[in-house]
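Text of the file coords-v6.pdb, holding PDB, N, CA and C atoms, pLDDT in the B column:
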ATOM      1  N   MET N   1      -6.990  15.486  -0.493  1.00 53.00           N
ATOM      2  CA  MET N   1      -5.596  15.171  -0.608  1.00 53.00           C
ATOM      3  C   MET N   1      -4.833  16.042   0.385  1.00 53.00           C
ATOM      4  N   LYS N   2      -3.851  15.464   1.046  1.00 54.00           N
ATOM      5  CA  LYS N   2      -3.079  16.183   2.043  1.00 54.00           C
ATOM      6  C   LYS N   2      -2.043  17.097   1.398  1.00 54.00           C
ATOM      7  N   LYS N   3      -1.905  18.304   1.943  1.00 54.00           N
ATOM      8  CA  LYS N   3      -0.888  19.236   1.454  1.00 54.00           C
ATOM      9  C   LYS N   3       0.463  18.835   2.039  1.00 54.00           C
ATOM     10  N   ILE N   4       1.469  18.815   1.212  1.00 55.00           N
ATOM     11  CA  ILE N   4       2.801  18.404   1.625  1.00 55.00           C
ATOM     12  C   ILE N   4       3.670  19.637   1.789  1.00 55.00           C
ATOM     13  N   GLY N   5       4.382  19.729   2.896  1.00 57.00           N
ATOM     14  CA  GLY N   5       5.245  20.877   3.165  1.00 57.00           C
ATOM     15  C   GLY N   5       6.368  20.979   2.148  1.00 57.00           C
ATOM     16  N   LEU N   6       6.382  22.054   1.382  1.00 51.00           N
ATOM     17  CA  LEU N   6       7.377  22.218   0.323  1.00 51.00           C
ATOM     18  C   LEU N   6       8.762  22.496   0.872  1.00 51.00           C
ATOM     19  N   THR N   7       8.873  23.101   2.041  1.00 50.00           N
ATOM     20  CA  THR N   7      10.183  23.389   2.616  1.00 50.00           C
ATOM     21  C   THR N   7      10.928  22.097   2.909  1.00 50.00           C
ATOM     22  N   THR N   8      10.281  21.151   3.551  1.00 53.00           N
ATOM     23  CA  THR N   8      10.901  19.863   3.861  1.00 53.00           C
ATOM     24  C   THR N   8      11.240  19.122   2.577  1.00 53.00           C
ATOM     25  N   LEU N   9      10.336  19.141   1.609  1.00 55.00           N
ATOM     26  CA  LEU N   9      10.556  18.456   0.338  1.00 55.00           C
ATOM     27  C   LEU N   9      11.771  19.041  -0.381  1.00 55.00           C
ATOM     28  N   ALA N  10      11.885  20.356  -0.442  1.00 51.00           N
ATOM     29  CA  ALA N  10      13.021  21.009  -1.106  1.00 51.00           C
ATOM     30  C   ALA N  10      14.328  20.659  -0.395  1.00 51.00           C
ATOM     31  N   ARG N  11      14.305  20.627   0.923  1.00 52.00           N
ATOM     32  CA  ARG N  11      15.504  20.302   1.699  1.00 52.00           C
ATOM     33  C   ARG N  11      15.957  18.876   1.415  1.00 52.00           C
ATOM     34  N   GLN N  12      15.022  17.931   1.352  1.00 58.00           N
ATOM     35  CA  GLN N  12      15.370  16.548   1.063  1.00 58.00           C
ATOM     36  C   GLN N  12      15.913  16.412  -0.356  1.00 58.00           C
ATOM     37  N   ARG N  13      15.324  17.107  -1.320  1.00 57.00           N
ATOM     38  CA  ARG N  13      15.805  17.045  -2.705  1.00 57.00           C
ATOM     39  C   ARG N  13      17.213  17.617  -2.815  1.00 57.00           C
ATOM     40  N   ASP N  14      17.486  18.706  -2.101  1.00 55.00           N
ATOM     41  CA  ASP N  14      18.818  19.309  -2.125  1.00 55.00           C
ATOM     42  C   ASP N  14      19.863  18.357  -1.545  1.00 55.00           C
ATOM     43  N   ALA N  15      19.455  17.579  -0.566  1.00 55.00           N
ATOM     44  CA  ALA N  15      20.375  16.618   0.062  1.00 55.00           C
ATOM     45  C   ALA N  15      20.549  15.370  -0.802  1.00 55.00           C
ATOM     46  N   GLY N  16      19.742  15.242  -1.856  1.00 63.00           N
ATOM     47  CA  GLY N  16      19.858  14.107  -2.758  1.00 63.00           C
ATOM     48  C   GLY N  16      19.092  12.881  -2.294  1.00 63.00           C
ATOM     49  N   THR N  17      18.298  13.036  -1.242  1.00 76.00           N
ATOM     50  CA  THR N  17      17.504  11.914  -0.754  1.00 76.00           C
ATOM     51  C   THR N  17      16.056  12.344  -0.623  1.00 76.00           C
ATOM     52  N   LEU N  18      15.179  11.437  -0.892  1.00 92.00           N
ATOM     53  CA  LEU N  18      13.761  11.679  -0.679  1.00 92.00           C
ATOM     54  C   LEU N  18      13.182  10.347  -0.247  1.00 92.00           C
ATOM     55  N   SER N  19      12.704  10.287   0.975  1.00 93.00           N
ATOM     56  CA  SER N  19      12.168   9.027   1.485  1.00 93.00           C
ATOM     57  C   SER N  19      10.923   9.304   2.319  1.00 93.00           C
ATOM     58  N   VAL N  20      10.080   8.277   2.419  1.00 95.00           N
ATOM     59  CA  VAL N  20       8.828   8.399   3.166  1.00 95.00           C
ATOM     60  C   VAL N  20       8.405   7.006   3.628  1.00 95.00           C
ATOM     61  N   ARG N  21       7.734   6.935   4.748  1.00 96.00           N
ATOM     62  CA  ARG N  21       7.325   5.659   5.329  1.00 96.00           C
ATOM     63  C   ARG N  21       5.946   5.226   4.832  1.00 96.00           C
ATOM     64  N   THR N  22       5.699   3.938   4.908  1.00 96.00           N
ATOM     65  CA  THR N  22       4.395   3.367   4.598  1.00 96.00           C
ATOM     66  C   THR N  22       3.329   4.086   5.423  1.00 96.00           C
ATOM     67  N   GLY N  23       2.210   4.420   4.777  1.00 96.00           N
ATOM     68  CA  GLY N  23       1.093   5.059   5.461  1.00 96.00           C
ATOM     69  C   GLY N  23       1.099   6.573   5.391  1.00 96.00           C
ATOM     70  N   PHE N  24       2.219   7.171   4.956  1.00 96.00           N
ATOM     71  CA  PHE N  24       2.296   8.616   4.791  1.00 96.00           C
ATOM     72  C   PHE N  24       2.012   8.970   3.335  1.00 96.00           C
ATOM     73  N   HIS N  25       1.705  10.227   3.078  1.00 96.00           N
ATOM     74  CA  HIS N  25       1.409  10.673   1.725  1.00 96.00           C
ATOM     75  C   HIS N  25       2.688  10.821   0.914  1.00 96.00           C
ATOM     76  N   CYS N  26       2.619  10.423  -0.343  1.00 95.00           N
ATOM     77  CA  CYS N  26       3.758  10.506  -1.253  1.00 95.00           C
ATOM     78  C   CYS N  26       4.055  11.973  -1.556  1.00 95.00           C
ATOM     79  N   PRO N  27       5.299  12.427  -1.368  1.00 93.00           N
ATOM     80  CA  PRO N  27       5.619  13.832  -1.608  1.00 93.00           C
ATOM     81  C   PRO N  27       5.881  14.200  -3.062  1.00 93.00           C
ATOM     82  N   ALA N  28       6.085  13.197  -3.944  1.00 92.00           N
ATOM     83  CA  ALA N  28       6.393  13.507  -5.346  1.00 92.00           C
ATOM     84  C   ALA N  28       6.090  12.320  -6.243  1.00 92.00           C
ATOM     85  N   ASN N  29       5.583  12.605  -7.463  1.00 93.00           N
ATOM     86  CA  ASN N  29       5.402  11.543  -8.459  1.00 93.00           C
ATOM     87  C   ASN N  29       6.754  10.901  -8.740  1.00 93.00           C
ATOM     88  N   GLY N  30       6.743   9.616  -9.016  1.00 94.00           N
ATOM     89  CA  GLY N  30       7.984   8.984  -9.440  1.00 94.00           C
ATOM     90  C   GLY N  30       8.039   7.505  -9.121  1.00 94.00           C
ATOM     91  N   LEU N  31       9.186   6.921  -9.440  1.00 95.00           N
ATOM     92  CA  LEU N  31       9.440   5.516  -9.140  1.00 95.00           C
ATOM     93  C   LEU N  31      10.043   5.430  -7.743  1.00 95.00           C
ATOM     94  N   TRP N  32       9.424   4.621  -6.903  1.00 96.00           N
ATOM     95  CA  TRP N  32       9.856   4.463  -5.518  1.00 96.00           C
ATOM     96  C   TRP N  32      10.237   3.008  -5.275  1.00 96.00           C
ATOM     97  N   ARG N  33      11.312   2.794  -4.524  1.00 95.00           N
ATOM     98  CA  ARG N  33      11.777   1.445  -4.189  1.00 95.00           C
ATOM     99  C   ARG N  33      11.745   1.293  -2.660  1.00 95.00           C
ATOM    100  N   PRO N  34      11.255   0.129  -2.175  1.00 95.00           N
ATOM    101  CA  PRO N  34      11.251  -0.087  -0.732  1.00 95.00           C
ATOM    102  C   PRO N  34      12.674  -0.227  -0.195  1.00 95.00           C
ATOM    103  N   GLU N  35      12.844   0.094   1.062  1.00 92.00           N
ATOM    104  CA  GLU N  35      14.163   0.114   1.688  1.00 92.00           C
ATOM    105  C   GLU N  35      14.911  -1.210   1.580  1.00 92.00           C
ATOM    106  N   ASP N  36      14.186  -2.331   1.672  1.00 83.00           N
ATOM    107  CA  ASP N  36      14.866  -3.626   1.599  1.00 83.00           C
ATOM    108  C   ASP N  36      15.457  -3.885   0.217  1.00 83.00           C
ATOM    109  N   GLY N  37      14.955  -3.171  -0.820  1.00 75.00           N
ATOM    110  CA  GLY N  37      15.527  -3.248  -2.164  1.00 75.00           C
ATOM    111  C   GLY N  37      15.220  -4.521  -2.933  1.00 75.00           C
ATOM    112  N   ASP N  38      14.465  -5.441  -2.344  1.00 77.00           N
ATOM    113  CA  ASP N  38      14.161  -6.703  -3.025  1.00 77.00           C
ATOM    114  C   ASP N  38      13.095  -6.553  -4.107  1.00 77.00           C
ATOM    115  N   ALA N  39      12.200  -5.607  -3.941  1.00 82.00           N
ATOM    116  CA  ALA N  39      11.084  -5.437  -4.874  1.00 82.00           C
ATOM    117  C   ALA N  39      11.465  -4.465  -5.997  1.00 82.00           C
ATOM    118  N   GLU N  40      10.775  -4.604  -7.110  1.00 89.00           N
ATOM    119  CA  GLU N  40      10.950  -3.687  -8.239  1.00 89.00           C
ATOM    120  C   GLU N  40      10.389  -2.315  -7.853  1.00 89.00           C
ATOM    121  N   PRO N  41      10.930  -1.241  -8.428  1.00 92.00           N
ATOM    122  CA  PRO N  41      10.371   0.089  -8.166  1.00 92.00           C
ATOM    123  C   PRO N  41       8.910   0.173  -8.624  1.00 92.00           C
ATOM    124  N   VAL N  42       8.149   0.981  -7.935  1.00 94.00           N
ATOM    125  CA  VAL N  42       6.725   1.156  -8.206  1.00 94.00           C
ATOM    126  C   VAL N  42       6.472   2.643  -8.461  1.00 94.00           C
ATOM    127  N   PHE N  43       5.671   2.974  -9.500  1.00 96.00           N
ATOM    128  CA  PHE N  43       5.309   4.370  -9.737  1.00 96.00           C
ATOM    129  C   PHE N  43       4.194   4.737  -8.771  1.00 96.00           C
ATOM    130  N   ILE N  44       4.403   5.803  -8.012  1.00 96.00           N
ATOM    131  CA  ILE N  44       3.408   6.264  -7.042  1.00 96.00           C
ATOM    132  C   ILE N  44       3.154   7.743  -7.310  1.00 96.00           C
ATOM    133  N   PHE N  45       1.867   8.110  -7.338  1.00 96.00           N
ATOM    134  CA  PHE N  45       1.469   9.492  -7.600  1.00 96.00           C
ATOM    135  C   PHE N  45       1.544  10.330  -6.328  1.00 96.00           C
ATOM    136  N   GLU N  46       1.951  11.584  -6.483  1.00 94.00           N
ATOM    137  CA  GLU N  46       2.005  12.526  -5.371  1.00 94.00           C
ATOM    138  C   GLU N  46       0.654  12.592  -4.673  1.00 94.00           C
ATOM    139  N   GLY N  47       0.666  12.541  -3.353  1.00 95.00           N
ATOM    140  CA  GLY N  47      -0.555  12.617  -2.559  1.00 95.00           C
ATOM    141  C   GLY N  47      -1.137  11.269  -2.206  1.00 95.00           C
ATOM    142  N   SER N  48      -0.730  10.202  -2.912  1.00 96.00           N
ATOM    143  CA  SER N  48      -1.210   8.855  -2.603  1.00 96.00           C
ATOM    144  C   SER N  48      -0.565   8.369  -1.312  1.00 96.00           C
ATOM    145  N   LEU N  49      -1.239   7.458  -0.621  1.00 97.00           N
ATOM    146  CA  LEU N  49      -0.633   6.860   0.561  1.00 97.00           C
ATOM    147  C   LEU N  49       0.420   5.857   0.130  1.00 97.00           C
ATOM    148  N   MET N  50       1.562   5.890   0.782  1.00 97.00           N
ATOM    149  CA  MET N  50       2.632   4.950   0.467  1.00 97.00           C
ATOM    150  C   MET N  50       2.218   3.555   0.947  1.00 97.00           C
ATOM    151  N   PRO N  51       2.364   2.574   0.070  1.00 95.00           N
ATOM    152  CA  PRO N  51       1.898   1.224   0.387  1.00 95.00           C
ATOM    153  C   PRO N  51       2.900   0.443   1.246  1.00 95.00           C
ATOM    154  N   ALA N  52       2.444  -0.706   1.704  1.00 94.00           N
ATOM    155  CA  ALA N  52       3.341  -1.653   2.371  1.00 94.00           C
ATOM    156  C   ALA N  52       4.076  -2.431   1.287  1.00 94.00           C
ATOM    157  N   SER N  53       5.184  -3.030   1.635  1.00 91.00           N
ATOM    158  CA  SER N  53       5.940  -3.862   0.700  1.00 91.00           C
ATOM    159  C   SER N  53       5.921  -5.290   1.221  1.00 91.00           C
ATOM    160  N   GLY N  54       5.271  -6.170   0.472  1.00 88.00           N
ATOM    161  CA  GLY N  54       5.162  -7.556   0.918  1.00 88.00           C
ATOM    162  C   GLY N  54       4.349  -7.684   2.195  1.00 88.00           C
ATOM    163  N   GLY N  55       3.405  -6.771   2.395  1.00 90.00           N
ATOM    164  CA  GLY N  55       2.545  -6.813   3.572  1.00 90.00           C
ATOM    165  C   GLY N  55       3.185  -6.239   4.830  1.00 90.00           C
ATOM    166  N   ILE N  56       4.366  -5.645   4.693  1.00 91.00           N
ATOM    167  CA  ILE N  56       5.092  -5.104   5.838  1.00 91.00           C
ATOM    168  C   ILE N  56       5.382  -3.627   5.590  1.00 91.00           C
ATOM    169  N   GLY N  57       5.219  -2.811   6.616  1.00 94.00           N
ATOM    170  CA  GLY N  57       5.546  -1.399   6.502  1.00 94.00           C
ATOM    171  C   GLY N  57       7.036  -1.217   6.245  1.00 94.00           C
ATOM    172  N   THR N  58       7.382  -0.203   5.478  1.00 94.00           N
ATOM    173  CA  THR N  58       8.774   0.025   5.128  1.00 94.00           C
ATOM    174  C   THR N  58       9.014   1.508   4.863  1.00 94.00           C
ATOM    175  N   VAL N  59      10.244   1.855   4.606  1.00 96.00           N
ATOM    176  CA  VAL N  59      10.594   3.202   4.169  1.00 96.00           C
ATOM    177  C   VAL N  59      10.829   3.120   2.670  1.00 96.00           C
ATOM    178  N   TRP N  60      10.232   4.047   1.921  1.00 96.00           N
ATOM    179  CA  TRP N  60      10.369   4.091   0.466  1.00 96.00           C
ATOM    180  C   TRP N  60      11.346   5.190   0.083  1.00 96.00           C
ATOM    181  N   HIS N  61      12.169   4.934  -0.928  1.00 95.00           N
ATOM    182  CA  HIS N  61      13.138   5.903  -1.434  1.00 95.00           C
ATOM    183  C   HIS N  61      12.832   6.214  -2.890  1.00 95.00           C
ATOM    184  N   LEU N  62      12.855   7.494  -3.232  1.00 95.00           N
ATOM    185  CA  LEU N  62      12.605   7.915  -4.607  1.00 95.00           C
ATOM    186  C   LEU N  62      13.787   7.500  -5.479  1.00 95.00           C
ATOM    187  N   VAL N  63      13.502   6.723  -6.522  1.00 92.00           N
ATOM    188  CA  VAL N  63      14.529   6.255  -7.449  1.00 92.00           C
ATOM    189  C   VAL N  63      14.649   7.225  -8.616  1.00 92.00           C
ATOM    190  N   GLN N  64      13.484   7.627  -9.172  1.00 83.00           N
ATOM    191  CA  GLN N  64      13.500   8.511 -10.341  1.00 83.00           C
ATOM    192  C   GLN N  64      12.209   9.298 -10.422  1.00 83.00           C
ATOM    193  N   GLU N  65      12.364  10.611 -10.592  1.00 77.00           N
ATOM    194  CA  GLU N  65      11.212  11.474 -10.826  1.00 77.00           C
ATOM    195  C   GLU N  65      10.922  11.488 -12.319  1.00 77.00           C
ATOM    196  N   PRO N  66       9.659  11.700 -12.703  1.00 70.00           N
ATOM    197  CA  PRO N  66       9.344  11.795 -14.133  1.00 70.00           C
ATOM    198  C   PRO N  66      10.048  12.996 -14.760  1.00 70.00           C
ATOM    199  N   GLN N  67      10.407  12.876 -16.023  1.00 69.00           N
ATOM    200  CA  GLN N  67      11.049  13.973 -16.749  1.00 69.00           C
ATOM    201  C   GLN N  67      10.030  15.051 -17.039  1.00 69.00           C
ATOM    202  N   ARG N  68      10.417  16.292 -16.935  1.00 62.00           N
ATOM    203  CA  ARG N  68       9.495  17.415 -17.168  1.00 62.00           C
ATOM    204  C   ARG N  68       9.707  17.983 -18.526  1.00 62.00           C
TER     205      ARG N  68
END
Rewrite the coordinates I just gave you, this time as structure tokens.
Amino acid sequence: MKKIGLTTLARQRDAGTLSVRTGFHCPANGLWRPEDGDAEPVFIFEGSLMPASGGIGTVWHLVQEPQR
């Protein structure tokens, strides 16, 4: 599993946005929605590769992190 840089992740969380492109490793567990917004959110585990949406690469945005 790929190690994810915590500095970049913390900076994105502080800015209120967390996004990642198809083919990159997921930086955090949670519900992710593709940029086009047409598809339902998908739960993706941290470290997993971000999938394509409808067979097309996209940018995914974190909708909701799991409650701790």
Given only C-alpha atoms as the counted atoms, nearest of N:Ala39, N:Leu62, N:Ile44, N:Leu49 to Gly23 (chain N): N:Leu49
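The closest residue to Glu65 (chain N), picked from N:Glu46, N:Glu35, N:Glu40, N:Gly30 and counting all atoms listed in the file, is N:Gly30.
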Atom pair atom C of Gly47 (chain N) / atom N of Trp32 (chain N): separation (Å): 13.3 Å
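Taking atom N of Pro66 (chain N) as the reference point, atom C of Ala28 (chain N) is found at 7.4 Å.
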Pick from N:Ser48, N:Leu31, N:Asp38, N:Val20, whichever lies nearest to Gln64 (chain N) using all atoms listed in the file: N:Leu31
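Rounded to one decimal, CA of His25 (chain N) and CA of Met50 (chain N) lie 6.0 Å from each other.
Of the residues in region 12-67 of chain N, those given strand (DSSP E) by DSSP on the backbone are Ser19, Val20, Arg21, Gly30, Leu31, Trp32, Arg33, Pro34, Val42, Phe43, Ile44, Val59, Trp60, His61, Leu62, Val63 and Gln64 of chain N.
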Padding 8 Å on each side, edges along x, y and z: where is the centre of the box around the listed atoms of region 50-68 of chain N, and how long are its edges in Å to one decimal? Output it as AutoDock Vina command-line options.
--center_x 8.1 --center_y 5.1 --center_z -6.0 --size_x 29.1 --size_y 41.7 --size_z 41.1
Point (11.3, 3.1, 8.1) neighbourhood (6 Å, only N, CA and C atoms) written as a list in words: Arg21, Thr58 and Val59 of chain N
